[in-house]
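K.L.:
Sharing start.txt, compact mmCIF, C-alpha atoms:
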```
# COMPACT_ATOMS: atom_id res chain seq x y z
CA SER A 12 7.70 22.40 9.95
CA GLN A 13 7.59 18.67 9.33
CA GLN A 14 9.24 17.95 12.64
CA GLY A 15 7.89 15.06 14.65
CA GLU A 16 7.01 15.80 18.23
CA GLU A 17 7.21 13.01 20.76
CA ASP A 18 5.02 12.53 23.75
CA PRO A 19 5.78 12.03 26.58
CA GLN A 20 9.17 13.72 26.92
CA ALA A 21 10.11 11.25 29.64
CA LEU A 22 8.72 7.88 30.68
CA SER A 23 9.70 5.68 33.59
CA ILE A 24 8.39 2.12 33.90
CA GLN A 25 9.18 -1.16 35.62
CA GLU A 26 10.89 -3.99 33.82
CA GLY A 27 8.34 -6.23 32.16
CA GLU A 28 5.83 -3.46 31.55
CA ASN A 29 4.97 -2.09 28.13
CA ALA A 30 6.17 1.35 27.01
CA THR A 31 4.23 3.48 24.56
CA MET A 32 5.61 6.59 22.90
CA ASN A 33 3.71 8.85 20.55
CA CYS A 34 4.78 11.08 17.69
CA SER A 35 2.86 13.77 15.85
CA TYR A 36 3.87 15.56 12.70
CA LYS A 37 2.53 18.30 10.50
CA THR A 38 2.73 17.54 6.79
CA SER A 39 2.57 14.70 4.28
CA ILE A 40 5.33 12.12 4.58
CA ASN A 41 6.75 9.19 2.65
CA ASN A 42 7.68 7.24 5.73
CA LEU A 43 8.16 7.55 9.45
CA GLN A 44 11.10 6.01 11.22
CA TRP A 45 11.95 5.36 14.85
CA TYR A 46 15.49 5.55 16.18
CA ARG A 47 17.05 4.79 19.51
CA GLN A 48 19.95 6.61 21.16
CA ASN A 49 21.83 5.28 24.15
CA SER A 50 23.58 7.86 26.28
CA GLY A 51 26.71 9.16 24.60
CA ARG A 52 26.13 7.19 21.41
CA GLY A 53 24.84 7.74 17.90
CA LEU A 54 21.29 6.96 16.82
CA VAL A 55 20.34 3.46 15.75
CA HIS A 56 17.50 2.72 13.37
CA LEU A 57 14.71 0.58 14.83
CA ILE A 58 11.89 0.43 12.34
CA LEU A 59 10.38 2.19 9.31
CA ILE A 60 6.72 2.40 8.43
CA ARG A 61 5.55 3.70 5.07
CA SER A 62 2.73 6.16 4.56
CA ASN A 63 0.52 3.44 3.07
CA GLU A 64 1.03 1.11 6.04
CA ARG A 65 -0.96 1.19 9.28
CA GLU A 66 0.96 -1.18 11.52
CA LYS A 67 4.29 -2.93 11.59
CA HIS A 68 5.99 -5.34 13.97
CA SER A 69 9.62 -6.13 14.64
CA GLY A 70 10.40 -8.36 17.60
CA ARG A 71 9.11 -6.59 20.72
CA LEU A 72 8.41 -3.41 18.75
CA ARG A 73 5.05 -2.45 17.32
CA VAL A 74 4.59 0.73 15.32
CA THR A 75 1.32 2.23 14.17
CA LEU A 76 0.75 5.08 11.77
CA ASP A 77 -2.41 7.15 11.35
CA THR A 78 -1.91 9.51 8.42
CA SER A 79 -5.32 11.11 8.91
CA LYS A 80 -4.28 12.21 12.39
CA LYS A 81 -0.64 12.65 11.41
CA SER A 82 0.49 10.54 14.32
CA SER A 83 2.46 7.41 15.08
CA SER A 84 3.09 5.32 18.15
CA LEU A 85 5.89 3.02 19.19
CA LEU A 86 5.09 0.21 21.60
CA ILE A 87 7.85 -1.75 23.30
CA THR A 88 6.47 -4.85 24.95
CA ALA A 89 7.94 -6.66 27.94
CA SER A 90 10.49 -3.93 28.52
CA ARG A 91 13.98 -4.64 29.82
CA ALA A 92 16.47 -2.48 31.66
CA ALA A 93 18.57 -2.52 28.49
CA ASP A 94 15.75 -0.66 26.67
CA THR A 95 16.63 2.45 28.68
CA ALA A 96 17.48 5.06 26.04
CA SER A 97 16.08 8.04 24.15
CA TYR A 98 13.68 7.23 21.34
CA PHE A 99 13.18 9.55 18.37
CA CYS A 100 10.67 9.57 15.59
CA ALA A 101 11.80 10.94 12.25
CA VAL A 102 9.56 11.91 9.37
CA GLY A 103 10.97 11.01 5.99
CA ILE A 104 10.51 12.85 2.75
CA SER A 105 11.91 11.23 -0.37
CA SER A 106 11.57 12.76 -3.81
CA GLY A 107 14.06 12.40 -6.62
CA SER A 108 17.48 12.81 -5.09
CA ALA A 109 16.04 14.36 -1.93
CA ARG A 110 16.30 12.11 1.11
CA GLN A 111 15.60 13.96 4.30
CA LEU A 112 14.68 12.97 7.83
CA THR A 113 13.43 15.50 10.34
CA PHE A 114 13.77 14.30 13.91
CA GLY A 115 11.57 15.02 16.88
CA SER A 116 12.80 15.99 20.31
CA GLY A 117 12.71 12.46 21.67
CA THR A 118 11.29 10.48 24.58
CA GLN A 119 13.65 9.50 27.36
CA LEU A 120 12.65 6.01 28.49
CA THR A 121 13.89 4.63 31.79
CA VAL A 122 13.19 0.98 32.57
CA LEU A 123 13.70 0.19 36.22
CA PRO A 124 14.92 -3.30 37.12
CA ASP B 3 31.89 -3.19 8.11
CA ALA B 4 33.18 -0.73 10.70
CA GLY B 5 30.18 1.53 10.35
CA VAL B 6 30.35 5.31 10.04
CA ILE B 7 33.62 6.61 11.44
CA GLN B 8 33.98 10.07 12.91
CA SER B 9 37.02 11.86 14.24
CA PRO B 10 37.90 13.28 16.60
CA ARG B 11 35.49 11.87 19.19
CA HIS B 12 36.05 14.83 21.49
CA GLU B 13 37.32 18.31 20.72
CA VAL B 14 37.93 21.16 23.12
CA THR B 15 38.97 24.45 21.60
CA GLU B 16 38.99 28.14 22.32
CA MET B 17 36.70 30.68 20.77
CA GLY B 18 38.01 31.92 17.45
CA GLN B 19 39.87 28.75 16.57
CA GLU B 20 39.16 26.68 13.47
CA VAL B 21 37.57 23.28 14.04
CA THR B 22 37.49 20.47 11.49
CA LEU B 23 35.33 17.41 11.99
CA ARG B 24 35.82 14.34 9.82
CA CYS B 25 33.58 11.54 8.64
CA LYS B 26 34.04 8.32 6.72
CA PRO B 27 30.69 6.91 5.57
CA ILE B 28 29.87 3.25 5.11
CA SER B 29 31.32 1.98 1.86
CA GLY B 30 28.76 1.97 -0.94
CA HIS B 31 26.45 4.53 0.64
CA ASP B 32 25.38 7.33 -1.69
CA TYR B 33 24.16 9.79 0.94
CA LEU B 34 26.00 11.54 3.74
CA PHE B 35 24.34 13.71 6.36
CA TRP B 36 25.73 16.09 8.99
CA TYR B 37 23.62 16.73 12.11
CA ARG B 38 24.09 18.78 15.26
CA GLN B 39 22.52 17.79 18.57
CA THR B 40 22.01 20.08 21.55
CA MET B 41 19.71 19.95 24.53
CA MET B 42 17.98 23.15 23.48
CA ARG B 43 17.48 22.49 19.77
CA GLY B 44 17.52 18.70 19.55
CA LEU B 45 18.88 17.02 16.43
CA GLU B 46 19.22 19.39 13.51
CA LEU B 47 20.16 18.52 9.94
CA LEU B 48 22.94 20.82 8.79
CA ILE B 49 23.68 19.60 5.26
CA TYR B 50 23.55 16.45 3.19
CA PHE B 51 25.29 15.12 0.09
CA ASN B 52 24.28 12.72 -2.65
CA ASN B 53 27.13 11.21 -4.66
CA ASN B 54 29.48 13.83 -3.16
CA VAL B 55 27.28 16.74 -4.28
CA PRO B 56 25.60 18.96 -1.64
CA ILE B 57 21.83 18.63 -2.01
CA ASP B 58 20.55 20.83 0.81
CA ASP B 59 22.62 23.11 3.01
CA SER B 60 19.74 25.18 4.34
CA GLY B 61 20.43 23.94 7.86
CA MET B 62 23.94 25.35 7.99
CA PRO B 63 23.63 28.04 10.66
CA GLU B 64 25.87 30.67 9.11
CA ASP B 65 28.87 31.34 6.93
CA ARG B 66 31.22 30.19 9.63
CA PHE B 67 30.17 26.63 8.81
CA SER B 68 31.28 24.83 5.66
CA ALA B 69 31.20 21.21 4.55
CA LYS B 70 32.94 19.33 1.79
CA MET B 71 32.89 15.85 0.37
CA PRO B 72 35.90 15.51 -1.94
CA ASN B 73 35.25 11.81 -2.55
CA ALA B 74 32.81 9.03 -1.69
CA SER B 75 34.72 7.97 1.42
CA PHE B 76 35.42 11.25 3.18
CA SER B 77 33.67 14.41 4.32
CA THR B 78 34.60 17.34 6.53
CA LEU B 79 32.61 19.88 8.49
CA LYS B 80 34.56 23.02 9.29
CA ILE B 81 33.76 25.82 11.69
CA GLN B 82 35.82 28.96 11.34
CA PRO B 83 35.92 30.87 13.62
CA SER B 84 34.32 28.78 16.34
CA GLU B 85 32.09 30.29 19.03
CA PRO B 86 30.89 28.94 22.40
CA ARG B 87 27.35 28.52 21.02
CA ASP B 88 28.74 25.97 18.55
CA SER B 89 29.29 23.57 21.44
CA ALA B 90 27.27 20.45 20.63
CA VAL B 91 27.54 16.87 19.49
CA TYR B 92 27.99 16.63 15.73
CA PHE B 93 26.85 13.46 14.02
CA CYS B 94 27.58 12.15 10.59
CA ALA B 95 25.22 9.60 9.05
CA SER B 96 25.11 7.76 5.74
CA SER B 97 22.56 5.79 3.76
CA PHE B 98 22.23 3.87 0.52
CA GLY B 99 19.43 6.09 -0.71
CA ALA B 100 19.29 4.67 -4.20
CA GLY B 101 16.11 2.65 -3.81
CA TRP B 102 12.97 2.26 -1.77
CA GLU B 103 13.72 -0.74 0.42
CA GLU B 104 13.82 -0.07 4.14
CA PHE B 105 17.56 -0.64 4.43
CA GLN B 106 18.08 1.88 1.62
CA GLU B 107 16.16 4.60 3.43
CA THR B 108 17.70 3.92 6.84
CA GLN B 109 20.37 6.29 8.07
CA TYR B 110 23.39 4.85 9.86
CA PHE B 111 24.91 7.17 12.41
CA GLY B 112 28.46 7.55 13.55
CA PRO B 113 29.36 7.86 17.26
CA GLY B 114 29.51 11.65 17.06
CA THR B 115 32.06 14.32 17.86
CA ARG B 116 31.53 16.14 21.12
CA LEU B 117 32.67 19.73 20.59
CA LEU B 118 33.26 22.18 23.40
CA VAL B 119 34.21 25.74 22.51
CA LEU B 120 35.47 27.73 25.48
```
Represent the structure contained in this file as structure tokens.

P.N.:
Amino acid sequence: SQQGEEDPQALSIQEGENATMNCSYKTSINNLQWYRQNSGRGLVHLILIRSNEREKHSGRLRVTLDTSKKSSSLLITASRAADTASYFCAVGISSGSARQLTFGSGTQLTVLP
Amino acid sequence: DAGVIQSPRHEVTEMGQEVTLRCKPISGHDYLFWYRQTMMRGLELLIYFNNNVPIDDSGMPEDRFSAKMPNASFSTLKIQPSEPRDSAVYFCASSFGAGWEEFQETQYFGPGTRLLVL
């Protein structure tokens, strides 16, 4: 399976602290994406990192990718209560007309005010 | 743009009844995806379309499930007959797909349909 697996399953931190979530996968990928899901809502894309990239930043988000270890991490700096949500990694395979994302089981992040 | 639109938002039905879920993708998107989310199995891809043509339906759990995309602005996911184990949140997502820029490979999700089969 190409499914990403997140670690930890749940994370609780204080506002202002940094939150780090990890994702491991099993096969070659074209890209790895991170999505966020607030309770009762659909998923929202956060950031995409390609297989030939090692690190990417977007605002308070920092994503790393290690293709040799088949792992990625998402760092949220200076967390806020509004960051409370589930975070999913998704491994992307794109070839011809094939465009598929396989999602992991997610990390539930709780940021305490 | 209103984003991906799904209807109904909530559906409660009895076992054996037919259920039809509807999705309107973002205008101009070439790809449409149907997912199912449960606590036990997480987010599973059921089927996806490119230019209204099904590309991969290997995730469809069984013959009781069917999906159609008669045109670029509408898709349905039908369950007939429904069973209690079909209870889940069903998401529709769309993407541009036709290119390699980040926005073209990003999937945009609808709010989901919460299905409860009694």

K.L.:
Counting only C-alpha atoms, what is within 7 Å of Gly15 (chain A), bar same-chain residues fewer than 5 positions away, as a compact mmCIF listing (two decimals) with C-alpha atoms, keeping the file's coordinate frame?

P.N.:
```txt
# COMPACT_ATOMS: atom_id res chain seq x y z
CA CYS A 34 4.78 11.08 17.69
CA SER A 35 2.86 13.77 15.85
CA TYR A 36 3.87 15.56 12.70
CA CYS A 100 10.67 9.57 15.59
CA ALA A 101 11.80 10.94 12.25
CA VAL A 102 9.56 11.91 9.37
CA PHE A 114 13.77 14.30 13.91
CA GLY A 115 11.57 15.02 16.88
```

K.L.:
Should the cut-off be 7 Å, what would the residue list for chain A against chain B look like, counting all atoms listed in the file, as a list in words?

P.N.:
Arg52, Gly53, Leu54, Val55, His56, Leu59, Phe114 and Ser116 of chain A

K.L.:
Can you tell me, as JSON, the centre and edge lengths (Å, one decimal) of the axis-aligned box enclosing all of region 25-34 of chain B's listed atoms after padding each side by 8 Å?

P.N.:
```
{"center_x": 29.1, "center_y": 6.8, "center_z": 3.5, "size_x": 25.9, "size_y": 25.6, "size_z": 26.3}
```

K.L.:
I need the residue nearest Leu123 (chain A) from this list: A:Gln20, A:Thr78, A:Ser84, A:Ser90. Use all atoms listed in the file for the distance.

P.N.:
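Under the stated criterion, the closest residue is A:Ser90.
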
K.L.:
Please return, as a list in words, all polymer residues that have at least one atom within 9 Å of the point (9.1, 12.3, 23.4); use all atoms listed in the file and the file's own coordinate frame.

P.N.:
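Residues with an atom at most 9 Å from (9.1, 12.3, 23.4): Glu16, Glu17, Asp18, Pro19, Gln20, Ala21, Leu22, Met32, Asn33, Cys34, Ser97, Tyr98, Phe99, Cys100, Gly115, Ser116, Gly117, Thr118, Gln119 and Leu120 of chain A.
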
K.L.:
Would you mind exporting C-alpha atoms of the selected residues as a short mmCIF file (atom, residue, chain, number, x, y, z; two decimals), keeping the file's coordinate frame?

P.N.:
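Generated file (out19.cif):
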```
data_model
loop_
_atom_site.label_atom_id
_atom_site.label_comp_id
_atom_site.auth_asym_id
_atom_site.auth_seq_id
_atom_site.Cartn_x
_atom_site.Cartn_y
_atom_site.Cartn_z
CA GLU A 16 7.01 15.80 18.23
CA GLU A 17 7.21 13.01 20.76
CA ASP A 18 5.02 12.53 23.75
CA PRO A 19 5.78 12.03 26.58
CA GLN A 20 9.17 13.72 26.92
CA ALA A 21 10.11 11.25 29.64
CA LEU A 22 8.72 7.88 30.68
CA MET A 32 5.61 6.59 22.90
CA ASN A 33 3.71 8.85 20.55
CA CYS A 34 4.78 11.08 17.69
CA SER A 97 16.08 8.04 24.15
CA TYR A 98 13.68 7.23 21.34
CA PHE A 99 13.18 9.55 18.37
CA CYS A 100 10.67 9.57 15.59
CA GLY A 115 11.57 15.02 16.88
CA SER A 116 12.80 15.99 20.31
CA GLY A 117 12.71 12.46 21.67
CA THR A 118 11.29 10.48 24.58
CA GLN A 119 13.65 9.50 27.36
CA LEU A 120 12.65 6.01 28.49
#
```

K.L.:
Could you state the separation of CA of Phe98 (chain B) and CA of Gly30 (chain B) in Å, given to one decimal place?

P.N.:
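Rounded to one decimal, the two atoms are 7.0 Å apart.
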
K.L.:
Using CA of Lys26 (chain B) and CA of Ala93 (chain A) as the two end points, give the distance in Å to one decimal.

P.N.:
28.8 Å

K.L.:
Between CA of Met17 (chain B) and CA of Phe67 (chain B), what is the spacing in Å?

P.N.:
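Computed distance, CA of Phe67 (chain B) to CA of Met17 (chain B), equals 14.2 Å.
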
K.L.:
Given the choices A:Pro124, A:Thr75, A:Ser83, A:Lys67, which gets closest to Lys37 (chain A) if the distance is worked out from only C-alpha atoms?

P.N.:
A:Ser83

K.L.:
Please determine, counting all atoms listed in the file, which residue among B:Met62, B:Ile81, B:Ala4, B:Leu117 has the shortest atom-to-atom distance to Pro27 (chain B).

P.N.:
B:Ala4

K.L.:
Where atoms are absent from region 8-32 of chain B, fill them in so it carries N, CA and C atoms, then output it as an mmCIF file, keeping the file's coordinate frame.

P.N.:
```cif
data_model
loop_
_atom_site.group_PDB
_atom_site.id
_atom_site.type_symbol
_atom_site.label_atom_id
_atom_site.label_comp_id
_atom_site.auth_asym_id
_atom_site.auth_seq_id
_atom_site.Cartn_x
_atom_site.Cartn_y
_atom_site.Cartn_z
ATOM 1 N N GLN B 8 33.826 8.632 12.714
ATOM 2 C CA GLN B 8 33.980 10.070 12.910
ATOM 3 C C GLN B 8 35.230 10.330 13.755
ATOM 4 N N SER B 9 35.876 11.440 13.427
ATOM 5 C CA SER B 9 37.020 11.860 14.240
ATOM 6 C C SER B 9 37.105 13.377 14.267
ATOM 7 N N PRO B 10 37.605 13.974 15.346
ATOM 8 C CA PRO B 10 37.900 13.280 16.600
ATOM 9 C C PRO B 10 36.613 12.937 17.346
ATOM 10 N N ARG B 11 36.678 12.173 18.396
ATOM 11 C CA ARG B 11 35.490 11.870 19.190
ATOM 12 C C ARG B 11 35.185 13.022 20.153
ATOM 13 N N HIS B 12 36.213 13.676 20.593
ATOM 14 C CA HIS B 12 36.050 14.830 21.490
ATOM 15 C C HIS B 12 36.993 15.938 21.015
ATOM 16 N N GLU B 13 36.507 17.165 21.113
ATOM 17 C CA GLU B 13 37.320 18.310 20.720
ATOM 18 C C GLU B 13 37.016 19.454 21.665
ATOM 19 N N VAL B 14 38.062 19.978 22.278
ATOM 20 C CA VAL B 14 37.930 21.160 23.120
ATOM 21 C C VAL B 14 38.810 22.236 22.500
ATOM 22 N N THR B 15 38.224 23.394 22.248
ATOM 23 C CA THR B 15 38.970 24.450 21.600
ATOM 24 C C THR B 15 38.561 25.795 22.179
ATOM 25 N N GLU B 16 39.306 26.797 21.837
ATOM 26 C CA GLU B 16 38.990 28.140 22.320
ATOM 27 C C GLU B 16 38.274 28.927 21.248
ATOM 28 N N MET B 17 37.440 29.820 21.684
ATOM 29 C CA MET B 17 36.700 30.680 20.770
ATOM 30 C C MET B 17 37.637 31.321 19.758
ATOM 31 N N GLY B 18 37.217 31.323 18.503
ATOM 32 C CA GLY B 18 38.010 31.920 17.450
ATOM 33 C C GLY B 18 38.870 30.934 16.676
ATOM 34 N N GLN B 19 39.052 29.751 17.241
ATOM 35 C CA GLN B 19 39.870 28.750 16.570
ATOM 36 C C GLN B 19 39.066 28.027 15.484
ATOM 37 N N GLU B 20 39.796 27.485 14.519
ATOM 38 C CA GLU B 20 39.160 26.680 13.470
ATOM 39 C C GLU B 20 39.003 25.239 13.960
ATOM 40 N N VAL B 21 37.851 24.667 13.657
ATOM 41 C CA VAL B 21 37.570 23.280 14.040
ATOM 42 C C VAL B 21 37.225 22.498 12.779
ATOM 43 N N THR B 22 37.808 21.332 12.629
ATOM 44 C CA THR B 22 37.490 20.470 11.490
ATOM 45 C C THR B 22 37.063 19.098 12.001
ATOM 46 N N LEU B 23 35.863 18.723 11.624
ATOM 47 C CA LEU B 23 35.330 17.410 11.990
ATOM 48 C C LEU B 23 35.357 16.535 10.739
ATOM 49 N N ARG B 24 35.629 15.250 10.952
ATOM 50 C CA ARG B 24 35.820 14.340 9.820
ATOM 51 C C ARG B 24 34.866 13.164 9.885
ATOM 52 N N CYS B 25 34.522 12.662 8.708
ATOM 53 C CA CYS B 25 33.580 11.540 8.640
ATOM 54 C C CYS B 25 33.935 10.633 7.486
ATOM 55 N N LYS B 26 33.900 9.339 7.757
ATOM 56 C CA LYS B 26 34.040 8.320 6.720
ATOM 57 C C LYS B 26 32.745 7.537 6.695
ATOM 58 N N PRO B 27 31.969 7.632 5.621
ATOM 59 C CA PRO B 27 30.690 6.910 5.570
ATOM 60 C C PRO B 27 30.904 5.419 5.312
ATOM 61 N N ILE B 28 29.817 4.673 5.422
ATOM 62 C CA ILE B 28 29.870 3.250 5.110
ATOM 63 C C ILE B 28 30.095 3.087 3.608
ATOM 64 N N SER B 29 30.978 2.193 3.257
ATOM 65 C CA SER B 29 31.320 1.980 1.860
ATOM 66 C C SER B 29 30.074 1.599 1.050
ATOM 67 N N GLY B 30 29.900 2.263 -0.081
ATOM 68 C CA GLY B 30 28.760 1.970 -0.940
ATOM 69 C C GLY B 30 27.552 2.845 -0.705
ATOM 70 N N HIS B 31 27.568 3.627 0.372
ATOM 71 C CA HIS B 31 26.450 4.530 0.640
ATOM 72 C C HIS B 31 26.557 5.775 -0.234
ATOM 73 N N ASP B 32 25.398 6.189 -0.781
ATOM 74 C CA ASP B 32 25.380 7.330 -1.690
ATOM 75 C C ASP B 32 25.131 8.661 -0.979
#
```
